[in-house]
Each structure stands twice: as structure tokens, then as C-alpha cells.
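See below for the structure under consideration.
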2 protein chains.
Amino acid sequence: MNELALTYRDFASREATSIESICRALVLHNRDKIQIKKEDRAVQNMVRIVRAVISLSQKKGFQGMSLRDLSQETDLSMGALYNYFNSKEELFEMIYNEGKTTILQILETHATDENPAIRLQQAICAHLYLSETLPRIFSFFFMEAKNLSPKNQKNVITMEQSSERYFEKILLDGIKKGIFQIESHQLMAGALKALLQDWYLKRYKFSSRKISVEQYAQFVIQFVETNLYAPGNR
Amino acid sequence: MNELALTYRDFASREATSIESICRALVLHNRDKIQIKKEDRAVQNMVRIVRAVISLSQKKGFQGMSLRDLSQETDLSMGALYNYFNSKEELFEMIYNEGKTTILQILETHATDENPAIRLQQAICAHLYLSETLPRIFSFFFMEAKNLSPKNQKNVITMEQSSERYFEKILLDGIKKGIFQIESHQLMAGALKALLQDWYLKRYKFSSRKISVEQYAQFVIQFVETNLYAPGNR
DNA sequence: GTCTATATAACGATAGAC
DNA sequence: GTCTATCGTTATATAGAC
């Protein structure tokens, strides 16, 4: 087995990403909307709320989740919930925006090598490891993006495509430096993104087959690289 | 450009798949649930209903779609709608089951060559062309499968995985005959499925880049085949 | 076969006691 | 800071006129 450019262990030790850390940032960024004064209590309960939202959305969709469902799942009354947000829609946007910020930040932190071949491997690993840590957040974003209000719909495209553009840039750099031989960096980046998404959208499949995230990273890198260096590629 | 094992033109001329034909089958299979006696009228209005369901679900999800929305979009009153189904959940299941049957049938019809290399190309093309004809139905299935009642959840897995298993079988056959050299036919089939799903889940992307379904078919075949014949493959 | 009108339940959201 | 009680609205579903 080849060495991975980034191991899950290394990634996990450098990034303490969790729902907790996202919720702390979320509380700080929305101090005006959240009426609870004690920060620790606000974060603590927001964690329960976010966990419940993601879990219930997975079962019936965000629109299908009622605030009574949410109240029951969090053991907070309806009245209490409304101290943490002003409307159901606002709750969605708080979660969405905070997750988006966190994810994009982390992806850019880990792929830094100046050799595009290595940078590509780092980016693939970082994306997979992050979605391994927060699989339900990733699939929540993918499945519920349509619930964003029209004014925020632009951001969806930005989020959905921004990581793809990041891969495109790496591929372009590799082509320019004569390392990669490919015809369409756009199709290639899109295909790569599809393979990365599969990891969190079909989680049950991989876990039932006992495939680890590092094994899958290795597979994806191999699968893509075969096409980057094959001269017959169209 | 290599010749495709199956062109879109050939596929389209053999298959007259459309929402209309699916709705006709749907009406016939649910004669007990639909109270409209004249078949033609039933089919005609069911087409409007199904189109509206898929369109509204795309915007706000099936759960987020109210029957008032549906009434407005179809120009049928609430009362009239209930002559076509007995509950919102039943409507969902009628559409889901009928689409599932149709799709699986068609996929199996087109990949028949005894050479696994060619059969694989045929299956890839058939899957892409069918999802090109009915893109919104495919993404409806993917996004809304969670709305199935628990007793039908088993079927989801069957539907989601049955086409993947079909690809697995082709790959296994190719390995046995010494044509393909791959380590894990399961990972390979999964990756292939992810690439095929990308076509209907990210439709806006491909259409804005003016990539035709045949171009994408060519790309996917190339992308996968490079890995089937590369001896370095893990 | 389709309509209008309505029954009944659940929804998001708020007010005020504690 | 959280609760209970309840507001006004909207949901699914049905009944009966045409």
C-alpha cells in the first residue's frame, strides 16, 4: 500500500472539528439572535438542537420536521426553543451558514503542498476525512440545500461548486506544469467530486462492507491518477 | 471519437419512455385506488399530477409540498385530487413504485451483449440515456426515498443498489473471463454508479457547460476503462 | 367528475406564570 | 431560562351540491 499524503490520524489530531466546535462558533456569530446570555448554556443546548435537526431531517427532511418533533427530541419546550432562534427558517440558515464556513476553511488549510500531484492527494484526503468526521452534516447540506431562501440560493451554488473549483485549480496547475495529461479538467474535477460525495451519501454501504476511509481515499486517488497520467485519455 | 456501444438516437427510437407511459402503467396498476372510471381521463390528469409532484418536490421537497400547492399547480380542486389517490403518502408510493419498475426493466433490456466489455458500455449508456429522458424522476427518487413508509424502506435499498449490483455482475464476468484486471469489483461498481448519478443530480452544471449526454457517456466509459485494463490497479 | 364548503388535526409562533 | 397554555394559520381529508 502506498503512503497517503495525509493520514486520518494526522488530520484528526490537527483538526478538532465536531458539532460542538461548530455550535460554539454558531453561537458567537449569532449573539444577536440567540437570547440566552450564558454562552456555555447556549452552546450546550444548541448542540442538542443541531444534532436533533440533522437527525430528524435525515428521516423526514427539514420541511417535514415539525418544531414539536424538535421539542421532543431535544427535551426543550417549544417556548424554550424560541430563545435559540426566531423562526424555523432562521434556524436552518444559521446551521447552513456556519457549517459552510467551517468546511471551506478546513479544506483550504490542508492542501498546501506546492507539487500539484501531492496537493491533489491532500485535498482528496482532507475532503474525505472531514466528511468522515461530520458525515451527517455533509449529507444534510446536500439534501436540504433546496430549503434555502431565494436570497441565499446563490450561496448554495457557491458552496456546492467551490470545492469543485478548488480541485479544478489544482488540476489546471498540474496541466500547466506538464505533470497531468488530461483533456477536460472540468469533467475530471466533477467526477472526482462525485466520488468524494459518494462517501457520505452512501455511508451505510461502505460501513456494511467494512471499508475504511483511508482505504477509500487510496481507491479514489488510484482511480483518478490512472486517468491523470494515461496518455490515451481523451 | 470512439463509437459508442449505444447511441442516444438508437436508445430513444427503441424506448418511448415518458411520464405519459409511466402514468398509463400507474393507472392500470392502481385501478382499485383511482376512482375515475374513464381510463384516458385518469391517465391525462395523472400526468398533470405527477409532473406537478416532481416539480414541486424539486423546489421544496415532497413533505414541504402541500396538497393546496398541488391543487393550484394541476388546476384540480382538492376534492378532485382525492379521486386519484386516498392519501398523500399513497400518492408518493404509487409514483415511486411505478417509476422503479419502469427503470429497472429498461436497464435490463439494453445491456445484452455477451462480451462483458461491450455489455458494460451498453449498461452505462442505457443508464445515462434513461436518466437524460427522465432526469427529474431520477433525482426525485434519489432525494425523496427517505419519505417511504418503513415497510417500504427495504425496497429503497433494493432500488438504489439493484443497478449497482447489475454493474457488479458485469465486472465479475469480465474478471472471470480474464478481460478486466481489477482488485475490487464492488468499489469499482460503486464508483461507476456515483459517476452516473452525477449526471442527473447536477444537471444544471452539465447543461450550462453544454456537455451532451453522449459526450459524458464517452467520458465515463474512458474514465472507467482506463482502470479496468491498467495492471497497476489495486 | 369536479366543485365549494367544512371538519378536524397539526403547524409555527407567542404570552405570561414561575 | 424554561414551562404551559393558547393564539391564528394552514394542513390533510371529507361531504354533499351540481
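Quick note on naming: the chains in the C-alpha cells go A, B, ... in the order shown, residues restart at 1 in each chain, and ligands are numbered from 1 in order of appearance.
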
* To do: Return as a list of chain:residue names the residues belonging to chain C that are within 9 Å of chain B, counting only C-alpha atoms (C1' of nucleotides).
  =>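 Taking only C-alpha atoms (C1' of nucleotides) into account, C:DG1, C:DT2, C:DC3 sit within 9 Å of chain B.
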
* Asked: If we count only C-alpha atoms (C1' of nucleotides), what is near range 214-231 of chain A at a cut-off of 9 Å, once residues fewer than 4 positions away on the same chain are taken out, given as a PyMOL selection string?
  -> (chain A and resi 1-4+7-8+117+120-121+124-125+128-129+171+179-182+188+191-192+195-196+199+206) or (chain B and resi 187-188+191+222-224+226-227+230+232-234)

Report as CSV: every residue of range 12-86 of chain B with an atom at most 9 Å from chain D, its closest pair of atoms, and their distance in Å to one decimal, counting only C-alpha atoms (C1' of nucleotides), with rows sorted by chain and ascending residue number.
residue,atom,partner,partner_atom,distance
B:Ser66,CA,D:DA11,C1',7.4
B:Leu67,CA,D:DT12,C1',7.8
B:Arg68,CA,D:DA11,C1',8.9
B:Gly79,CA,D:DT14,C1',8.3
B:Tyr82,CA,D:DA13,C1',8.4
B:Asn86,CA,D:DA13,C1',8.8

* Asked: Which one is closest to chain D: A:Glu90, A:Asp75, A:Glu132, A:Glu183? Count only C-alpha atoms (C1' of nucleotides).
  -> A:Asp75

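Those residues of chain A that fall within 6 Å of chain B when using only C-alpha atoms read Gln63, Gly64 and Ala194 of chain A.
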
* To do: Have a look at CA of Leu134 in chain B and CA of Tyr166 in chain B and let me know their distance in Å, one decimal.
  => 20.2 Å

Taking 5 positions as the minimum chain separation for residues in the same chain, which residues sit within 10 Å of Phe85 in chain A when counting only C-alpha atoms (C1' of nucleotides)? Answer as a PDB file with N, CA, C and O atoms, in the first residue's frame.
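After the write, selection23.pdb holds the following:
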ATOM      1  N   ASN A  30     -23.994  34.486  16.141  1.00  0.00           N
ATOM      2  CA  ASN A  30     -25.415  34.855  16.144  1.00  0.00           C
ATOM      3  C   ASN A  30     -25.870  35.349  17.511  1.00  0.00           C
ATOM      4  O   ASN A  30     -27.003  35.109  17.925  1.00  0.00           O
ATOM      5  N   ASP A  32     -26.788  38.124  18.439  1.00  0.00           N
ATOM      6  CA  ASP A  32     -27.966  38.992  18.391  1.00  0.00           C
ATOM      7  C   ASP A  32     -29.272  38.203  18.306  1.00  0.00           C
ATOM      8  O   ASP A  32     -30.312  38.659  18.765  1.00  0.00           O
ATOM      9  N   LYS A  33     -29.217  37.032  17.715  1.00  0.00           N
ATOM     10  CA  LYS A  33     -30.445  36.262  17.508  1.00  0.00           C
ATOM     11  C   LYS A  33     -30.760  35.324  18.664  1.00  0.00           C
ATOM     12  O   LYS A  33     -31.906  34.948  18.877  1.00  0.00           O
ATOM     13  N   ILE A  34     -29.730  34.936  19.401  1.00  0.00           N
ATOM     14  CA  ILE A  34     -29.908  33.985  20.483  1.00  0.00           C
ATOM     15  C   ILE A  34     -30.062  34.743  21.801  1.00  0.00           C
ATOM     16  O   ILE A  34     -29.202  35.546  22.163  1.00  0.00           O
ATOM     17  N   GLN A  35     -31.163  34.460  22.499  1.00  0.00           N
ATOM     18  CA  GLN A  35     -31.478  35.275  23.672  1.00  0.00           C
ATOM     19  C   GLN A  35     -30.891  34.743  24.979  1.00  0.00           C
ATOM     20  O   GLN A  35     -31.035  35.372  26.023  1.00  0.00           O
ATOM     21  N   MET A  46     -27.565  24.335  22.041  1.00  0.00           N
ATOM     22  CA  MET A  46     -27.521  24.421  20.583  1.00  0.00           C
ATOM     23  C   MET A  46     -26.996  23.119  19.984  1.00  0.00           C
ATOM     24  O   MET A  46     -27.444  22.696  18.922  1.00  0.00           O
ATOM     25  N   ALA A  80     -38.980  27.293  24.968  1.00  0.00           N
ATOM     26  CA  ALA A  80     -37.538  27.366  25.187  1.00  0.00           C
ATOM     27  C   ALA A  80     -36.795  27.428  23.854  1.00  0.00           C
ATOM     28  O   ALA A  80     -35.848  28.204  23.690  1.00  0.00           O
ATOM     29  N   GLU A  90     -34.888  30.654  10.099  1.00  0.00           N
ATOM     30  CA  GLU A  90     -33.642  31.233  10.605  1.00  0.00           C
ATOM     31  C   GLU A  90     -32.733  30.154  11.186  1.00  0.00           C
ATOM     32  O   GLU A  90     -31.513  30.194  11.001  1.00  0.00           O
ATOM     33  N   LEU A  91     -33.336  29.193  11.858  1.00  0.00           N
ATOM     34  CA  LEU A  91     -32.552  28.087  12.410  1.00  0.00           C
ATOM     35  C   LEU A  91     -31.794  27.373  11.297  1.00  0.00           C
ATOM     36  O   LEU A  91     -30.592  27.106  11.405  1.00  0.00           O
ATOM     37  N   PHE A  92     -32.509  27.095  10.212  1.00  0.00           N
ATOM     38  CA  PHE A  92     -31.869  26.421   9.085  1.00  0.00           C
ATOM     39  C   PHE A  92     -30.680  27.217   8.571  1.00  0.00           C
ATOM     40  O   PHE A  92     -29.596  26.678   8.362  1.00  0.00           O
ATOM     41  N   MET A  94     -28.873  29.507  10.047  1.00  0.00           N
ATOM     42  CA  MET A  94     -27.751  29.562  10.985  1.00  0.00           C
ATOM     43  C   MET A  94     -26.884  28.309  10.843  1.00  0.00           C
ATOM     44  O   MET A  94     -25.656  28.396  10.759  1.00  0.00           O
TER      45      MET A  94
END

* **Gap from CA of Val43 in chain A to CA of Glu20 in chain A - Å, one decimal** =>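 Taking CA of Val43 in chain A as the start and CA of Glu20 in chain A as the end point, the length is 7.6 Å.
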
* Structure fact -> A straight line from CA of Phe140 in chain B to CA of Ile95 in chain A spans 24.5 Å

* helix (DSSP H, G or I) call set, DSSP backbone run, chain B, as a PyMOL selection string -> chain B and resi 8-14+19-29+39-60+67-74+78-81+88-110+116-133+135-147+150-176+185-201+203-208+213-229
